[in-house]
file target.cif (mmCIF, C-alpha atoms)
data_coords
loop_
_atom_site.label_atom_id
_atom_site.label_comp_id
_atom_site.auth_asym_id
_atom_site.auth_seq_id
_atom_site.Cartn_x
_atom_site.Cartn_y
_atom_site.Cartn_z
CA MET A 1487 0.78 -58.13 52.19
CA THR A 1488 -1.65 -59.24 49.50
CA THR A 1489 -0.56 -58.52 45.95
CA ASP A 1490 -2.68 -58.27 42.82
CA HIS A 1491 -0.87 -57.47 39.61
CA VAL A 1492 0.01 -58.74 36.17
CA LEU A 1493 3.41 -60.10 35.18
CA PRO A 1494 4.46 -60.47 31.52
CA THR A 1495 6.17 -63.87 31.51
CA SER A 1496 7.07 -65.68 28.30
CA HIS A 1497 4.56 -63.43 26.49
CA LEU A 1498 1.76 -64.46 28.90
CA ASP A 1499 -0.14 -62.05 31.13
CA VAL A 1500 -0.22 -63.50 34.61
CA LEU A 1501 -2.50 -62.61 37.51
CA VAL A 1502 -0.74 -62.91 40.89
CA GLN A 1503 -2.89 -62.46 43.97
CA GLY A 1504 -2.73 -63.37 47.67
CA ARG A 1505 -0.17 -65.01 49.89
CA GLY A 1506 0.42 -68.54 51.17
CA PRO A 1507 0.91 -71.90 49.43
CA ALA A 1508 0.74 -71.41 45.68
CA LEU A 1509 -2.10 -72.40 43.36
CA LEU A 1510 -1.31 -72.36 39.64
CA LEU A 1511 -4.51 -71.81 37.65
CA ALA A 1512 -4.99 -73.38 34.19
CA HIS A 1513 -8.10 -72.05 32.47
CA GLY A 1514 -10.25 -73.52 29.73
CA ALA A 1515 -10.50 -72.94 25.98
CA GLY A 1516 -12.07 -69.64 25.07
CA GLY A 1517 -11.95 -68.56 28.69
CA GLY A 1518 -9.58 -66.84 31.06
CA ILE A 1519 -8.68 -66.61 34.71
CA GLU A 1520 -11.56 -64.29 35.61
CA GLY A 1521 -14.02 -66.22 33.44
CA ASN A 1522 -13.17 -69.59 34.96
CA PHE A 1523 -12.15 -68.71 38.51
CA GLY A 1524 -13.60 -65.25 39.14
CA LEU A 1525 -16.17 -66.43 41.68
CA VAL A 1526 -13.49 -67.90 43.95
CA LEU A 1527 -10.36 -65.79 43.39
CA ASP A 1528 -10.84 -63.54 46.40
CA ASP A 1529 -11.72 -66.44 48.69
CA LEU A 1530 -8.74 -68.59 47.69
CA ALA A 1531 -6.38 -65.60 47.82
CA GLN A 1532 -7.07 -65.21 51.54
CA ASP A 1533 -4.62 -68.02 52.28
CA HIS A 1534 -3.03 -68.96 48.94
CA THR A 1535 -0.87 -67.25 46.35
CA LEU A 1536 -2.78 -67.49 43.09
CA VAL A 1537 -0.78 -67.51 39.86
CA GLY A 1538 -3.10 -67.26 36.87
CA PRO A 1539 -1.42 -67.18 33.44
CA HIS A 1540 -3.59 -66.38 30.43
CA TYR A 1541 -3.04 -68.60 27.40
CA PRO A 1542 -1.96 -66.95 24.13
CA GLY A 1543 -4.85 -64.90 22.84
CA ALA A 1544 -6.59 -64.65 26.25
CA GLY A 1545 -6.48 -61.86 28.79
CA GLY A 1546 -3.64 -59.58 27.77
CA SER A 1547 -1.54 -62.35 26.22
CA ALA A 1548 -0.53 -61.98 22.59
CA VAL A 1549 -2.25 -64.20 20.06
CA ALA A 1550 -0.19 -67.21 19.01
CA VAL A 1551 1.56 -67.06 15.65
CA GLU A 1552 1.53 -70.85 15.25
CA PRO A 1553 -0.64 -73.72 16.55
CA LEU A 1554 -0.51 -74.16 20.30
CA ALA A 1555 1.57 -77.08 21.59
CA LEU A 1556 0.60 -78.70 24.89
CA ASN A 1557 4.17 -79.17 26.14
CA ASP A 1558 5.03 -75.55 25.41
CA LEU A 1559 1.87 -74.29 27.10
CA ALA A 1560 2.52 -76.44 30.18
CA ASP A 1561 6.12 -75.24 30.42
CA ARG A 1562 5.11 -71.60 30.05
CA LEU A 1563 2.60 -71.87 32.89
CA VAL A 1564 5.28 -73.39 35.11
CA ALA A 1565 7.70 -70.64 34.09
CA ALA A 1566 5.09 -68.06 35.06
CA ALA A 1567 4.76 -69.57 38.54
CA VAL A 1568 8.53 -69.70 39.02
CA ALA A 1569 8.86 -66.10 37.82
CA ALA A 1570 6.27 -65.16 40.46
CA GLY A 1571 8.53 -66.70 43.11
CA GLN A 1572 6.69 -70.00 43.48
CA ASP A 1573 8.87 -73.10 43.14
CA SER A 1574 6.09 -75.55 43.98
CA PHE A 1575 2.33 -75.38 43.71
CA ALA A 1576 -0.97 -77.18 43.35
CA VAL A 1577 -2.46 -76.89 39.86
CA LEU A 1578 -6.16 -76.15 39.42
CA GLY A 1579 -7.16 -77.04 35.86
CA GLU A 1580 -10.57 -76.52 34.27
CA SER A 1581 -11.72 -78.11 31.01
CA LEU A 1582 -8.72 -77.81 28.64
CA GLY A 1583 -6.78 -76.65 31.70
CA SER A 1584 -7.15 -80.14 33.17
CA ALA A 1585 -5.14 -81.62 30.30
CA VAL A 1586 -2.61 -78.81 30.72
CA ALA A 1587 -2.43 -79.60 34.44
CA VAL A 1588 -1.85 -83.31 33.82
CA ARG A 1589 0.97 -82.52 31.40
CA ILE A 1590 2.50 -80.11 33.96
CA ALA A 1591 2.38 -82.89 36.56
CA THR A 1592 4.26 -85.34 34.33
CA ARG A 1593 6.80 -82.84 32.97
CA HIS A 1594 7.47 -81.11 36.30
CA PRO A 1595 6.63 -83.66 39.01
CA ASP A 1596 8.98 -82.14 41.59
CA ARG A 1597 7.08 -78.85 41.47
CA VAL A 1598 3.50 -80.13 41.58
CA ARG A 1599 2.05 -80.66 45.05
CA ALA A 1600 -1.44 -81.63 43.91
CA LEU A 1601 -3.94 -81.45 41.05
CA VAL A 1602 -7.58 -80.34 41.00
CA LEU A 1603 -9.18 -81.26 37.66
CA THR A 1604 -12.67 -79.86 36.99
CA ALA A 1605 -14.84 -80.69 33.96
CA GLY A 1606 -11.70 -82.16 32.46
CA PHE A 1607 -10.68 -84.61 29.79
CA ALA A 1608 -7.62 -86.54 28.70
CA ALA A 1609 -8.72 -86.51 25.04
CA ALA A 1610 -11.79 -85.00 23.42
CA ASP A 1611 -14.78 -87.35 23.35
CA PRO A 1612 -17.03 -87.27 20.24
CA VAL A 1613 -19.31 -84.58 21.71
CA LEU A 1614 -16.44 -82.24 22.58
CA ALA A 1615 -14.68 -82.96 19.28
CA LEU A 1616 -17.86 -82.07 17.36
CA ALA A 1617 -18.34 -78.88 19.38
CA ALA A 1618 -14.77 -77.83 18.63
CA GLN A 1619 -15.30 -78.55 14.92
CA LEU A 1620 -18.54 -76.57 14.87
CA ILE A 1621 -16.98 -73.61 16.63
CA LYS A 1622 -14.14 -73.51 14.11
CA SER A 1623 -16.50 -73.93 11.14
CA LEU A 1624 -18.94 -71.26 12.30
CA ALA A 1625 -16.11 -68.85 13.04
CA ALA A 1626 -14.56 -69.45 9.62
CA ALA A 1627 -17.91 -68.47 8.10
CA GLY A 1628 -18.05 -65.32 10.23
CA GLN A 1629 -21.04 -66.58 12.21
CA TRP A 1630 -19.75 -65.45 15.57
CA GLU A 1631 -23.19 -64.94 17.06
CA ASP A 1632 -23.92 -68.61 16.38
CA VAL A 1633 -20.60 -69.48 18.05
CA ALA A 1634 -21.81 -67.59 21.12
CA ARG A 1635 -25.17 -69.38 21.06
CA LEU A 1636 -23.46 -72.75 20.76
CA ALA A 1637 -21.20 -71.88 23.68
CA LEU A 1638 -24.17 -70.91 25.83
CA LEU A 1639 -26.13 -74.05 24.98
CA SER A 1640 -23.11 -76.26 25.60
CA CYS A 1641 -21.80 -74.63 28.76
CA MET A 1642 -24.83 -73.44 30.70
CA SER A 1643 -27.45 -75.39 32.62
CA PRO A 1644 -30.94 -75.41 31.06
CA ALA A 1645 -32.17 -73.99 34.36
CA ASP A 1646 -29.88 -70.98 33.90
CA LEU A 1647 -31.00 -70.34 30.31
CA GLU A 1648 -34.16 -68.41 29.43
CA PRO A 1649 -34.84 -68.84 25.69
CA ALA A 1650 -36.93 -65.67 25.58
CA ALA A 1651 -34.10 -63.60 27.04
CA LEU A 1652 -30.97 -64.90 25.30
CA ASP A 1653 -30.01 -61.74 23.43
CA GLU A 1654 -28.15 -60.20 26.38
CA PRO A 1655 -26.19 -63.34 27.37
CA VAL A 1656 -25.31 -63.92 23.70
CA ALA A 1657 -23.98 -60.36 23.47
CA GLN A 1658 -22.04 -60.82 26.71
CA THR A 1659 -20.58 -64.09 25.43
CA LEU A 1660 -19.53 -62.43 22.18
CA THR A 1661 -17.76 -59.68 24.09
CA ALA A 1662 -16.02 -62.16 26.39
CA MET A 1663 -14.69 -64.47 23.67
CA PRO A 1664 -10.91 -63.95 23.51
CA PRO A 1665 -8.99 -63.44 20.25
CA GLY A 1666 -7.25 -66.79 20.74
CA MET A 1667 -10.46 -68.80 21.11
CA LEU A 1668 -10.01 -70.72 17.86
CA ASP A 1669 -6.40 -71.55 18.73
CA HIS A 1670 -7.61 -72.91 22.07
CA PHE A 1671 -10.26 -75.11 20.49
CA ASP A 1672 -7.79 -76.30 17.88
CA LEU A 1673 -5.67 -77.56 20.78
CA VAL A 1674 -8.79 -79.12 22.36
CA SER A 1675 -9.27 -81.19 19.21
CA ARG A 1676 -5.65 -82.42 19.29
CA VAL A 1677 -4.83 -82.85 22.98
CA ASP A 1678 -4.25 -86.36 24.30
CA VAL A 1679 -2.81 -86.99 27.77
CA ARG A 1680 -4.20 -90.51 28.22
CA ALA A 1681 -0.69 -91.96 28.40
CA ASP A 1682 0.22 -89.40 31.10
CA LEU A 1683 -2.45 -90.42 33.59
CA ALA A 1684 -0.69 -93.44 35.09
CA LYS A 1685 2.46 -91.32 35.54
CA VAL A 1686 0.81 -88.69 37.74
CA SER A 1687 2.22 -89.00 41.25
CA ALA A 1688 0.63 -85.91 42.85
CA PRO A 1689 -2.52 -86.20 44.98
CA THR A 1690 -5.44 -85.53 42.66
CA LEU A 1691 -9.02 -84.39 43.08
CA VAL A 1692 -11.29 -84.83 40.04
CA VAL A 1693 -14.52 -82.82 40.05
CA ALA A 1694 -17.22 -83.97 37.63
CA PRO A 1695 -20.19 -81.69 36.87
CA THR A 1696 -22.77 -84.34 36.04
CA GLY A 1697 -24.91 -82.00 33.91
CA ASP A 1698 -22.02 -80.96 31.67
CA ARG A 1699 -23.04 -81.03 28.00
CA LEU A 1700 -19.70 -79.88 26.54
CA VAL A 1701 -17.27 -82.16 28.36
CA LEU A 1702 -19.32 -85.18 29.30
CA PRO A 1703 -18.90 -86.39 32.91
CA GLU A 1704 -17.57 -89.70 31.58
CA SER A 1705 -14.39 -87.83 30.68
CA SER A 1706 -13.91 -86.90 34.34
CA TYR A 1707 -14.59 -90.47 35.37
CA ARG A 1708 -11.85 -91.64 33.00
CA LEU A 1709 -9.42 -89.11 34.50
CA ALA A 1710 -10.17 -90.37 38.01
CA ALA A 1711 -9.86 -94.01 36.96
CA GLY A 1712 -6.56 -93.43 35.18
CA ILE A 1713 -4.70 -91.40 37.82
CA PRO A 1714 -3.41 -93.52 40.70
CA GLY A 1715 -5.22 -92.74 43.94
CA ALA A 1716 -7.34 -89.95 42.45
CA ARG A 1717 -10.41 -88.89 44.41
CA LEU A 1718 -13.62 -88.26 42.45
CA VAL A 1719 -16.31 -85.79 43.51
CA GLU A 1720 -19.52 -85.22 41.55
CA LEU A 1721 -21.44 -81.96 41.34
CA PRO A 1722 -24.99 -83.24 40.68
CA GLY A 1723 -26.63 -81.46 37.77
CA ALA A 1724 -23.88 -78.86 37.44
CA ALA A 1725 -23.12 -77.51 33.96
CA HIS A 1726 -19.75 -76.94 32.31
CA VAL A 1727 -19.70 -73.35 33.56
CA LEU A 1728 -20.45 -73.57 37.27
CA ASN A 1729 -23.13 -71.23 38.55
CA PRO A 1730 -22.58 -69.51 41.92
CA ALA A 1731 -24.24 -72.29 43.93
CA ASP A 1732 -22.29 -75.08 42.23
CA ARG A 1733 -19.06 -73.06 42.47
CA ALA A 1734 -19.62 -72.68 46.21
CA THR A 1735 -19.94 -76.47 46.52
CA TRP A 1736 -16.80 -76.84 44.37
CA LEU A 1737 -14.94 -74.45 46.65
CA ARG A 1738 -15.87 -76.45 49.74
CA HIS A 1739 -14.56 -79.69 48.23
CA VAL A 1740 -11.40 -78.03 46.94
CA ARG A 1741 -10.66 -76.37 50.27
CA GLU A 1742 -11.08 -79.69 52.12
CA PHE A 1743 -8.73 -81.36 49.64
CA LEU A 1744 -6.09 -78.62 49.85
CA ALA A 1745 -6.29 -78.52 53.66
CA ALA A 1746 -5.36 -82.22 53.79
CA LEU A 1747 -2.13 -81.72 51.80
CA PRO A 1748 1.22 -81.72 53.63
CA THR A 1749 2.06 -78.22 54.79
CA THR A 1750 4.61 -76.14 52.93
CA SER A 1751 6.22 -72.78 53.55
CA ALA A 1752 4.44 -69.78 52.10
#
call {"tool": "encode", "arguments": {"input": "target.cif", "output": "structure tokens"}}
result
Amino acid sequence: MTTDHVLPTSHLDVLVQGRGPALLLAHGAGGGIEGNFGLVLDDLAQDHTLVGPHYPGAGGSAVAVEPLALNDLADRLVAAAVAAGQDSFAVLGESLGSAVAVRIATRHPDRVRALVLTAGFAAADPVLALAAQLIKSLAAAGQWEDVARLALLSCMSPADLEPAALDEPVAQTLTAMPPGMLDHFDLVSRVDVRADLAKVSAPTLVVAPTGDRLVLPESSYRLAAGIPGARLVELPGAAHVLNPADRATWLRHVREFLAALPTTSA
């Protein structure tokens, strides 16, 4: 029977949905499970158990009382999967979640069956580092509408943006920004898993949106080059936030990759 509920695990709110081999979802900074994976949750849950923990300050998770630490975040996501009855899983990481996924793979190699890293990075490149700095500076000045505009310009494709009709998407972005957004971007500016890459033993698919203006595609290329045996797939012209058409292409590649993994009990 398909389940869909929230588990409070280590102070994280965790979406659990579906049945079958487990997929642990690691979302991006300033996002959440629905924001990053909402277009594909129902499809993947048809034959996988999805475990989607929300980082501190996202979803229903409490805001962190101290700076986020990558090791702690990785361990808490694993603990959430184990608490949901899943001893092993593939990890689907997006943006910051890709670095979280890599750290999970090196700290818990016996549990990780595979990695899917989308729009990811091992360490922030100058563009991402500047964006994180601007977001923190604008927020400190109370200019949250400008934070929302920067997020839209950085994350959306020019084809999906209509300058004359930005008021509504800016308002929607403002509403969707989680309380822990600044904590997430503070971690973005500090994260560095470059030394982890060569230690990843799980089969890995790296998906690079080539039109990404927040996390440049070169960061994905570096992930693929650094992880032994990693497979690289490009999404031509896709932005940091995948639109429905690009997400459908992503889903096809991810399903092909997951279908080729050794079978495991549900």
call {"tool": "atom_distance", "arguments": {"input": "target.cif", "atom1": "CA of Leu1636 (chain A)", "atom2": "CA of Ala1608 (chain A)"}}
result
22.5 Å
call {"tool": "resolve_selection", "arguments": {"input": "target.cif", "expression": "the PyMOL selection byres ((chain A and resi 1535-1544) around 8)", "output": "MDAnalysis selection string"}}
result
chainID A and resid 1497:1513 1516:1519 1527 1530:1531 1533:1534 1545:1550 1559 1563 1566:1567 1570 1664:1667 1669
call {"tool": "atom_distance", "arguments": {"input": "target.cif", "atom1": "CA of Asp1682 (chain A)", "atom2": "CA of Leu1744 (chain A)"}}
result
22.5 Å
call {"tool": "atom_distance", "arguments": {"input": "target.cif", "atom1": "CA of Ala1688 (chain A)", "atom2": "CA of Arg1599 (chain A)"}}
result
5.9 Å
call {"tool": "closest_residue", "arguments": {"input": "target.cif", "among": "A:Leu1721, A:Ala1625, A:Ala1515, A:Leu1737", "to": "Pro1703 (chain A)", "atoms": "only C-alpha atoms"}}
result
A:Leu1721
call {"tool": "resolve_selection", "arguments": {"input": "target.cif", "expression": "the PyMOL selection byres ((chain A and resi 1726) around 8)", "output": "PDB file with C-alpha atoms, keeping the file's coordinate frame"}}
result
ATOM      1  CA  ALA A1605     -14.840 -80.690  33.960  1.00  0.00           C
ATOM      2  CA  SER A1640     -23.110 -76.260  25.600  1.00  0.00           C
ATOM      3  CA  CYS A1641     -21.800 -74.630  28.760  1.00  0.00           C
ATOM      4  CA  MET A1642     -24.830 -73.440  30.700  1.00  0.00           C
ATOM      5  CA  SER A1643     -27.450 -75.390  32.620  1.00  0.00           C
ATOM      6  CA  PRO A1695     -20.190 -81.690  36.870  1.00  0.00           C
ATOM      7  CA  GLY A1697     -24.910 -82.000  33.910  1.00  0.00           C
ATOM      8  CA  ASP A1698     -22.020 -80.960  31.670  1.00  0.00           C
ATOM      9  CA  ARG A1699     -23.040 -81.030  28.000  1.00  0.00           C
ATOM     10  CA  LEU A1700     -19.700 -79.880  26.540  1.00  0.00           C
ATOM     11  CA  VAL A1701     -17.270 -82.160  28.360  1.00  0.00           C
ATOM     12  CA  ALA A1724     -23.880 -78.860  37.440  1.00  0.00           C
ATOM     13  CA  ALA A1725     -23.120 -77.510  33.960  1.00  0.00           C
ATOM     14  CA  VAL A1727     -19.700 -73.350  33.560  1.00  0.00           C
ATOM     15  CA  LEU A1728     -20.450 -73.570  37.270  1.00  0.00           C
TER      16      LEU A1728
END
call {"tool": "closest_residue", "arguments": {"input": "target.cif", "among": "A:Phe1523, A:Phe1671, A:Phe1607, A:Phe1743", "to": "Ala1694 (chain A)", "atoms": "only C-alpha atoms"}}
result
A:Phe1607
call {"tool": "closest_residue", "arguments": {"input": "target.cif", "among": "A:Ile1713, A:Ala1731, A:Leu1556, A:Leu1638", "to": "Leu1660 (chain A)", "atoms": "all atoms listed in the file"}}
result
A:Leu1638
call {"tool": "closest_residue", "arguments": {"input": "target.cif", "among": "A:Glu1580, A:Asp1573, A:Ser1706, A:Arg1717", "to": "Arg1597 (chain A)", "atoms": "all atoms listed in the file"}}
result
A:Asp1573
call {"tool": "residues_around", "arguments": {"input": "target.cif", "residues": "Val1598 (chain A)", "least_positions_apart": "3", "cutoff": "6 Å", "atoms": "all atoms listed in the file", "output": "PyMOL selection string"}}
result
chain A and resi 1574-1576+1591+1595
call {"tool": "resolve_selection", "arguments": {"input": "target.cif", "expression": "the PyMOL selection byres ((chain A and resi 1592) around 9)", "output": "VMD selection string"}}
result
chain A and resid 1587 to 1591 1593 to 1595 1598 1682 to 1683 1685 to 1687
call {"tool": "closest_residue", "arguments": {"input": "target.cif", "among": "A:Ile1621, A:Leu1691, A:Leu1668, A:Ala1681", "to": "Val1602 (chain A)", "atoms": "all atoms listed in the file"}}
result
A:Leu1691
call {"tool": "closest_residue", "arguments": {"input": "target.cif", "among": "A:Gln1619, A:Thr1690, A:Gln1572, A:Gln1532", "to": "Leu1673 (chain A)", "atoms": "all atoms listed in the file"}}
result
A:Gln1619
call {"tool": "build_atoms", "arguments": {"input": "target.cif", "residues": "region 1581-1597 of chain A", "atoms": "N, CA, C and O atoms", "output": "JSON list (two decimals), in the coordinates of the input"}}
result
[["chain", "number", "residue", "atom", "x", "y", "z"],
["A", 1581, "SER", "N", -11.49, -77.77, 32.41],
["A", 1581, "SER", "CA", -11.72, -78.11, 31.01],
["A", 1581, "SER", "C", -10.39, -78.38, 30.32],
["A", 1581, "SER", "O", -9.65, -79.27, 30.74],
["A", 1582, "LEU", "N", -10.04, -77.64, 29.27],
["A", 1582, "LEU", "CA", -8.72, -77.81, 28.64],
["A", 1582, "LEU", "C", -7.60, -77.69, 29.66],
["A", 1582, "LEU", "O", -6.59, -78.38, 29.57],
["A", 1583, "GLY", "N", -7.80, -76.82, 30.66],
["A", 1583, "GLY", "CA", -6.78, -76.65, 31.70],
["A", 1583, "GLY", "C", -6.48, -77.92, 32.47],
["A", 1583, "GLY", "O", -5.39, -78.06, 33.05],
["A", 1584, "SER", "N", -7.42, -78.86, 32.50],
["A", 1584, "SER", "CA", -7.15, -80.14, 33.17],
["A", 1584, "SER", "C", -6.08, -80.93, 32.42],
["A", 1584, "SER", "O", -5.20, -81.53, 33.03],
["A", 1585, "ALA", "N", -6.18, -80.94, 31.09],
["A", 1585, "ALA", "CA", -5.14, -81.62, 30.30],
["A", 1585, "ALA", "C", -3.80, -80.91, 30.45],
["A", 1585, "ALA", "O", -2.75, -81.56, 30.55],
["A", 1586, "VAL", "N", -3.83, -79.58, 30.49],
["A", 1586, "VAL", "CA", -2.61, -78.81, 30.72],
["A", 1586, "VAL", "C", -2.02, -79.18, 32.08],
["A", 1586, "VAL", "O", -0.81, -79.38, 32.23],
["A", 1587, "ALA", "N", -2.89, -79.27, 33.10],
["A", 1587, "ALA", "CA", -2.43, -79.60, 34.44],
["A", 1587, "ALA", "C", -1.80, -80.98, 34.51],
["A", 1587, "ALA", "O", -0.76, -81.19, 35.16],
["A", 1588, "VAL", "N", -2.42, -81.95, 33.84],
["A", 1588, "VAL", "CA", -1.85, -83.31, 33.82],
["A", 1588, "VAL", "C", -0.48, -83.29, 33.17],
["A", 1588, "VAL", "O", 0.48, -83.92, 33.68],
["A", 1589, "ARG", "N", -0.33, -82.58, 32.07],
["A", 1589, "ARG", "CA", 0.97, -82.52, 31.40],
["A", 1589, "ARG", "C", 2.01, -81.80, 32.28],
["A", 1589, "ARG", "O", 3.18, -82.20, 32.32],
["A", 1590, "ILE", "N", 1.59, -80.77, 33.01],
["A", 1590, "ILE", "CA", 2.50, -80.11, 33.96],
["A", 1590, "ILE", "C", 2.97, -81.12, 35.00],
["A", 1590, "ILE", "O", 4.15, -81.17, 35.35],
["A", 1591, "ALA", "N", 2.04, -81.94, 35.50],
["A", 1591, "ALA", "CA", 2.38, -82.89, 36.56],
["A", 1591, "ALA", "C", 3.37, -83.94, 36.09],
["A", 1591, "ALA", "O", 4.19, -84.43, 36.89],
["A", 1592, "THR", "N", 3.33, -84.32, 34.82],
["A", 1592, "THR", "CA", 4.26, -85.34, 34.33],
["A", 1592, "THR", "C", 5.57, -84.75, 33.83],
["A", 1592, "THR", "O", 6.59, -85.44, 33.85],
["A", 1593, "ARG", "N", 5.56, -83.49, 33.42],
["A", 1593, "ARG", "CA", 6.80, -82.84, 32.97],
["A", 1593, "ARG", "C", 7.56, -82.18, 34.13],
["A", 1593, "ARG", "O", 8.78, -82.02, 34.04],
["A", 1594, "HIS", "N", 6.84, -81.82, 35.18],
["A", 1594, "HIS", "CA", 7.47, -81.11, 36.30],
["A", 1594, "HIS", "C", 7.00, -81.70, 37.64],
["A", 1594, "HIS", "O", 6.47, -81.00, 38.50],
["A", 1595, "PRO", "N", 7.20, -83.01, 37.82],
["A", 1595, "PRO", "CA", 6.63, -83.66, 39.01],
["A", 1595, "PRO", "C", 7.17, -83.13, 40.33],
["A", 1595, "PRO", "O", 6.46, -83.16, 41.35],
["A", 1596, "ASP", "N", 8.40, -82.63, 40.34],
["A", 1596, "ASP", "CA", 8.98, -82.14, 41.59],
["A", 1596, "ASP", "C", 8.37, -80.81, 42.03],
["A", 1596, "ASP", "O", 8.53, -80.41, 43.19],
["A", 1597, "ARG", "N", 7.68, -80.14, 41.13],
["A", 1597, "ARG", "CA", 7.08, -78.85, 41.47],
["A", 1597, "ARG", "C", 5.61, -78.96, 41.85],
["A", 1597, "ARG", "O", 5.07, -78.07, 42.51]]
